[in-house]
>>> print(open('model14.txt').read())   # compact mmCIF, C-alpha atoms
# COMPACT_ATOMS: atom_id res chain seq x y z
CA MET Y 1 5.43 -37.70 -9.00
CA LEU Y 2 8.59 -36.55 -7.24
CA LEU Y 3 8.53 -33.38 -9.32
CA VAL Y 4 4.91 -32.74 -8.46
CA VAL Y 5 5.20 -33.26 -4.70
CA THR Y 6 8.18 -30.93 -4.39
CA PRO Y 7 6.67 -27.74 -2.94
CA GLY Y 8 7.38 -24.47 -4.64
CA ALA Y 9 5.92 -21.07 -5.41
CA GLY Y 10 3.04 -22.55 -7.41
CA THR Y 11 1.94 -24.72 -4.50
CA LEU Y 12 2.12 -21.68 -2.21
CA SER Y 13 0.03 -19.71 -4.67
CA VAL Y 14 -2.73 -22.34 -4.58
CA TRP Y 15 -2.62 -22.51 -0.77
CA ARG Y 16 -2.75 -18.74 -0.47
CA ALA Y 17 -5.75 -18.64 -2.80
CA TYR Y 18 -7.49 -21.27 -0.66
CA GLY Y 19 -6.78 -19.26 2.49
CA GLY Y 20 -8.15 -16.11 0.86
CA GLY Y 21 -11.34 -17.48 -0.65
CA GLY Y 22 -11.78 -21.20 -0.19
CA TRP Y 23 -12.15 -23.87 -2.84
CA ARG Y 24 -13.34 -21.52 -5.58
CA HIS Y 25 -10.22 -19.37 -5.37
CA ALA Y 26 -7.99 -22.44 -5.06
CA ALA Y 27 -9.55 -23.89 -8.23
CA TRP Y 28 -8.82 -20.67 -10.12
CA ALA Y 29 -5.24 -20.65 -8.82
CA LEU Y 30 -4.80 -24.30 -9.76
CA LEU Y 31 -6.04 -23.51 -13.27
CA GLY Y 32 -3.51 -20.65 -13.47
CA LEU Y 33 -0.75 -23.01 -12.35
CA MET Y 34 -1.71 -25.56 -15.02
CA LEU Y 35 -1.94 -22.93 -17.76
CA GLY Y 36 1.44 -21.54 -16.76
CA ASP Y 37 3.03 -25.00 -16.77
CA MET Y 38 1.56 -25.79 -20.18
CA LEU Y 39 2.86 -22.49 -21.57
CA LEU Y 40 6.34 -23.20 -20.21
CA ILE Y 41 6.24 -26.73 -21.62
CA ALA Y 42 5.21 -25.45 -25.06
CA LEU Y 43 7.93 -22.76 -24.96
CA SER Y 44 10.47 -25.41 -23.98
CA ALA Y 45 9.40 -27.57 -26.91
CA LEU Y 46 9.82 -24.58 -29.21
CA GLY Y 47 13.39 -24.02 -27.99
CA MET Y 48 12.91 -21.06 -25.64
CA ALA Y 49 15.06 -22.71 -22.96
CA ALA Y 50 17.94 -23.04 -25.42
CA LEU Y 51 17.51 -19.38 -26.33
CA LEU Y 52 17.64 -18.36 -22.67
CA ALA Y 53 20.72 -20.55 -22.12
CA ALA Y 54 22.40 -18.86 -25.11
CA HIS Y 55 21.52 -15.37 -23.82
CA PRO Y 56 22.18 -15.30 -20.07
CA ALA Y 57 21.16 -11.65 -19.80
CA TRP Y 58 17.61 -12.53 -20.90
CA PHE Y 59 17.54 -15.38 -18.41
CA ASP Y 60 18.73 -13.03 -15.67
CA LEU Y 61 16.08 -10.48 -16.59
CA LEU Y 62 13.35 -13.12 -16.25
CA ARG Y 63 14.92 -14.50 -13.08
CA TYR Y 64 15.16 -11.11 -11.36
CA GLY Y 65 11.64 -10.20 -12.48
CA GLY Y 66 10.27 -13.47 -11.12
CA ALA Y 67 12.20 -13.06 -7.86
CA ALA Y 68 10.95 -9.49 -7.42
CA TYR Y 69 7.36 -10.63 -8.02
CA LEU Y 70 7.67 -13.40 -5.39
CA ILE Y 71 9.16 -10.97 -2.86
CA TRP Y 72 6.39 -8.45 -3.60
CA LEU Y 73 3.72 -11.16 -3.09
CA GLY Y 74 5.37 -12.20 0.17
CA CYS Y 75 5.47 -8.65 1.47
CA ARG Y 76 1.78 -8.21 0.60
CA CYS Y 77 0.87 -11.24 2.75
CA TRP Y 78 2.01 -9.57 5.97
CA PRO Y 79 -0.41 -6.62 6.11
CA MET Y 80 -3.30 -8.88 5.04
CA ALA Y 81 -2.51 -11.49 7.73
CA GLY Y 82 -4.95 -10.13 10.28
CA ALA Y 83 -7.65 -9.12 7.79
CA ARG Y 84 -10.71 -11.19 6.99
CA PRO Y 85 -10.53 -12.93 3.59
CA VAL Y 86 -12.13 -11.00 0.75
CA THR Y 87 -14.51 -13.21 -1.21
CA SER Y 88 -15.62 -10.94 -4.02
CA SER Y 89 -16.27 -12.46 -7.44
CA ARG Y 90 -13.52 -10.22 -8.82
CA SER Y 91 -10.77 -11.75 -6.71
CA ALA Y 92 -11.26 -15.37 -7.85
CA PRO Y 93 -9.94 -14.72 -11.40
CA HIS Y 94 -7.14 -12.72 -9.81
CA ALA Y 95 -6.07 -15.95 -8.11
CA LEU Y 96 -5.68 -17.44 -11.60
CA TRP Y 97 -3.64 -14.45 -12.76
CA ARG Y 98 -1.39 -14.46 -9.67
CA SER Y 99 -0.76 -18.19 -9.92
CA TRP Y 100 -0.07 -17.95 -13.66
CA LEU Y 101 2.43 -15.11 -13.09
CA VAL Y 102 4.17 -17.06 -10.33
CA THR Y 103 4.54 -20.05 -12.66
CA VAL Y 104 5.56 -18.17 -15.79
CA GLY Y 105 7.88 -15.89 -13.80
CA ASN Y 106 10.08 -18.87 -12.97
CA PRO Y 107 12.53 -19.23 -15.88
CA LYS Y 108 14.23 -22.17 -14.17
CA ALA Y 109 11.05 -24.19 -14.74
CA LEU Y 110 11.33 -23.50 -18.46
CA VAL Y 111 14.91 -24.76 -18.51
CA PHE Y 112 13.93 -27.71 -16.31
CA PHE Y 113 11.19 -28.85 -18.71
CA MET Y 114 13.64 -28.58 -21.61
CA ALA Y 115 16.23 -30.69 -19.78
CA PHE Y 116 13.84 -33.25 -18.27
CA PHE Y 117 11.15 -34.02 -20.86
CA PRO Y 118 13.37 -34.99 -23.84
CA GLN Y 119 14.56 -38.04 -21.92
CA PHE Y 120 11.06 -39.48 -22.24
CA LEU Y 121 10.41 -38.70 -25.91
CA SER Y 122 10.64 -41.40 -28.55
CA PRO Y 123 12.72 -40.43 -31.62
CA PRO Y 124 10.01 -40.77 -34.31
CA GLN Y 125 7.52 -38.75 -32.25
CA PRO Y 126 7.16 -35.03 -33.11
CA VAL Y 127 8.80 -32.96 -30.37
CA LEU Y 128 5.92 -30.53 -29.75
CA ALA Y 129 3.32 -33.32 -29.54
CA GLY Y 130 5.57 -35.31 -27.18
CA PHE Y 131 6.15 -32.30 -24.95
CA LEU Y 132 2.43 -31.55 -24.84
CA GLN Y 133 1.57 -35.17 -23.97
CA LEU Y 134 4.13 -35.20 -21.16
CA GLY Y 135 2.89 -31.80 -20.07
CA ALA Y 136 -0.69 -33.05 -19.90
CA VAL Y 137 0.40 -36.00 -17.75
CA PHE Y 138 2.48 -33.67 -15.55
CA CYS Y 139 -0.47 -31.28 -15.13
CA LEU Y 140 -2.88 -34.15 -14.39
CA CYS Y 141 -0.54 -35.46 -11.68
CA ASN Y 142 -0.18 -31.91 -10.33
CA LEU Y 143 -3.97 -31.47 -10.33
CA LEU Y 144 -4.56 -34.75 -8.48
CA TYR Y 145 -1.81 -34.10 -5.94
CA LEU Y 146 -2.75 -30.50 -5.17
CA SER Y 147 -6.48 -31.31 -5.03
CA GLY Y 148 -5.79 -34.11 -2.56
CA MET Y 149 -3.46 -31.90 -0.54
CA LEU Y 150 -6.06 -29.11 -0.50
CA TRP Y 151 -8.76 -31.53 0.59
CA LEU Y 152 -6.65 -32.81 3.48
CA GLY Y 153 -5.40 -29.33 4.30
CA SER Y 154 -8.92 -27.90 4.27
CA ARG Y 155 -9.86 -30.27 7.06
CA MET Y 156 -6.98 -28.93 9.12
CA TYR Y 157 -7.63 -25.31 8.07
CA CYS Y 158 -11.25 -25.52 9.26
CA ARG Y 159 -9.99 -26.44 12.69
CA LEU Y 160 -7.38 -23.65 12.72
CA ALA Y 161 -9.42 -20.90 11.04
CA ARG Y 162 -9.43 -18.78 14.15
CA PRO Y 163 -7.94 -15.29 13.68
CA ILE Y 164 -4.58 -15.97 15.35
CA PRO Y 165 -3.61 -19.25 13.59
CA ALA Y 166 -4.97 -18.08 10.21
CA GLY Y 167 -2.99 -14.84 10.51
CA TRP Y 168 0.18 -16.75 11.28
CA GLY Y 169 -0.46 -19.05 8.32
CA GLN Y 170 -0.71 -15.99 6.04
CA ARG Y 171 2.53 -14.63 7.51
CA ALA Y 172 4.26 -17.99 7.02
CA CYS Y 173 3.10 -18.04 3.40
CA GLY Y 174 4.47 -14.53 2.92
CA LEU Y 175 7.79 -15.49 4.47
CA MET Y 176 8.07 -18.51 2.17
CA TYR Y 177 7.37 -16.32 -0.88
CA VAL Y 178 10.09 -13.89 0.21
CA LEU Y 179 12.57 -16.72 0.86
CA LEU Y 180 11.83 -18.33 -2.52
CA GLY Y 181 12.26 -14.94 -4.20
CA LEU Y 182 15.56 -14.28 -2.43
CA ARG Y 183 16.78 -17.76 -3.33
CA MET Y 184 15.92 -17.14 -6.98
CA TRP Y 185 17.56 -13.69 -6.83
CA TRP Y 186 20.89 -14.92 -5.43
CA GLN Y 187 21.09 -18.26 -7.16
CA ARG Y 188 24.00 -18.58 -9.56
CA PRO Y 189 23.07 -18.21 -13.23
CA LEU Y 190 23.16 -21.10 -15.66
CA SER Y 191 26.50 -21.84 -17.19
>>> encode(input="model14.txt", output="structure tokens")
Amino acid sequence: MLLVVTPGAGTLSVWRAYGGGGWRHAAWALLGLMLGDMLLIALSALGMAALLAAHPAWFDLLRYGGAAYLIWLGCRCWPMAGARPVTSSRSAPHALWRSWLVTVGNPKALVFFMAFFPQFLSPPQPVLAGFLQLGAVFCLCNLLYLSGMLWLGSRMYCRLARPIPAGWGQRACGLMYVLLGLRMWWQRPLS
């Protein structure tokens, strides 16, 4: 649960989707977050994290790409801060895609799953099946937490959905994306 409640780029992605299109967009973004986490968990089980640790240049390429994407998303939030949310049917699946890219673009999550999950696997259990079971539990906890947080936050958002506070919320989200991207960009590589 501590891993789930730690806010990060995925949580921001879900919140941004909610601010841009309500529950429908948030559900798509949450699905993208879950799919991205499950992909990273499967790649970790298959040894991708060890491969990235053995080839720091590949890890850096993923890290810089993920950081650039977060910074780009953050910069896009600022011009849209004063605009009315677009609720076209086309933008809901884009919330899934954006959230999935934010999750998959974080190579540290891949390494984290590889370092964290093996502690909870039993020796006779097949590694891939164990990783997928733990991943399903992780995603279920993430789903419950983010859904509850969105429900509580939606109550507050309805009260603050006037143009000035909503615009500042979008700007704050953009600033957090940029700060997370810069942190990822300048963080020391794995050793």
>>> atom_distance(input="model14.txt", atom1="atom CA of Pro126 of chain Y", atom2="atom CA of Asn106 of chain Y")
26.0 Å
>>> closest_atom_pairs(input="model14.txt", of="segment 131-152 of chain Y", to="segment 27-39 of chain Y", cutoff="9 Å", atoms="all atoms listed in the file", output="JSON lines")
{"residue": "Y:Leu132", "atom": "CA", "partner": "Y:Met38", "partner_atom": "CA", "distance": 7.5}
{"residue": "Y:Gly135", "atom": "CA", "partner": "Y:Met38", "partner_atom": "CA", "distance": 6.2}
{"residue": "Y:Ala136", "atom": "CA", "partner": "Y:Met38", "partner_atom": "CA", "distance": 7.6}
{"residue": "Y:Phe138", "atom": "CA", "partner": "Y:Asp37", "partner_atom": "CA", "distance": 8.8}
{"residue": "Y:Cys139", "atom": "CA", "partner": "Y:Met34", "partner_atom": "CA", "distance": 5.9}
{"residue": "Y:Leu140", "atom": "CA", "partner": "Y:Met34", "partner_atom": "CA", "distance": 8.7}
{"residue": "Y:Asn142", "atom": "CA", "partner": "Y:Met34", "partner_atom": "CA", "distance": 8.0}
{"residue": "Y:Leu143", "atom": "CA", "partner": "Y:Leu30", "partner_atom": "CA", "distance": 7.2}
{"residue": "Y:Leu146", "atom": "CA", "partner": "Y:Leu30", "partner_atom": "CA", "distance": 8.0}
{"residue": "Y:Ser147", "atom": "CA", "partner": "Y:Leu30", "partner_atom": "CA", "distance": 8.6}
>>> atom_distance(input="model14.txt", atom1="atom CA of Ala50 of chain Y", atom2="atom CA of Ala67 of chain Y")
21.0 Å
>>> atom_distance(input="model14.txt", atom1="atom CA of Ala26 of chain Y", atom2="atom CA of Leu182 of chain Y")
25.1 Å
>>> residues_around(input="model14.txt", residues="Leu150 of chain Y", least_positions_apart="5", cutoff="12 Å", atoms="only C-alpha atoms", output="ChimeraX atom specification")
/Y:11-19,22-27,29-30,142-145,155-158
>>> write_last_selection(input="model14.txt", atoms="C-alpha atoms", output="PDB file, in the coordinates of the input")
ATOM      1  CA  THR Y  11       1.940 -24.720  -4.500  1.00  0.00           C
ATOM      2  CA  LEU Y  12       2.120 -21.680  -2.210  1.00  0.00           C
ATOM      3  CA  SER Y  13       0.030 -19.710  -4.670  1.00  0.00           C
ATOM      4  CA  VAL Y  14      -2.730 -22.340  -4.580  1.00  0.00           C
ATOM      5  CA  TRP Y  15      -2.620 -22.510  -0.770  1.00  0.00           C
ATOM      6  CA  ARG Y  16      -2.750 -18.740  -0.470  1.00  0.00           C
ATOM      7  CA  ALA Y  17      -5.750 -18.640  -2.800  1.00  0.00           C
ATOM      8  CA  TYR Y  18      -7.490 -21.270  -0.660  1.00  0.00           C
ATOM      9  CA  GLY Y  19      -6.780 -19.260   2.490  1.00  0.00           C
ATOM     10  CA  GLY Y  22     -11.780 -21.200  -0.190  1.00  0.00           C
ATOM     11  CA  TRP Y  23     -12.150 -23.870  -2.840  1.00  0.00           C
ATOM     12  CA  ARG Y  24     -13.340 -21.520  -5.580  1.00  0.00           C
ATOM     13  CA  HIS Y  25     -10.220 -19.370  -5.370  1.00  0.00           C
ATOM     14  CA  ALA Y  26      -7.990 -22.440  -5.060  1.00  0.00           C
ATOM     15  CA  ALA Y  27      -9.550 -23.890  -8.230  1.00  0.00           C
ATOM     16  CA  ALA Y  29      -5.240 -20.650  -8.820  1.00  0.00           C
ATOM     17  CA  LEU Y  30      -4.800 -24.300  -9.760  1.00  0.00           C
ATOM     18  CA  ASN Y 142      -0.180 -31.910 -10.330  1.00  0.00           C
ATOM     19  CA  LEU Y 143      -3.970 -31.470 -10.330  1.00  0.00           C
ATOM     20  CA  LEU Y 144      -4.560 -34.750  -8.480  1.00  0.00           C
ATOM     21  CA  TYR Y 145      -1.810 -34.100  -5.940  1.00  0.00           C
ATOM     22  CA  ARG Y 155      -9.860 -30.270   7.060  1.00  0.00           C
ATOM     23  CA  MET Y 156      -6.980 -28.930   9.120  1.00  0.00           C
ATOM     24  CA  TYR Y 157      -7.630 -25.310   8.070  1.00  0.00           C
ATOM     25  CA  CYS Y 158     -11.250 -25.520   9.260  1.00  0.00           C
TER      26      CYS Y 158
END
>>> closest_residue(input="model14.txt", among="Y:Ala129, Y:Phe112, Y:Gly66, Y:Phe117", to="Arg98 of chain Y", atoms="only C-alpha atoms")
Y:Gly66
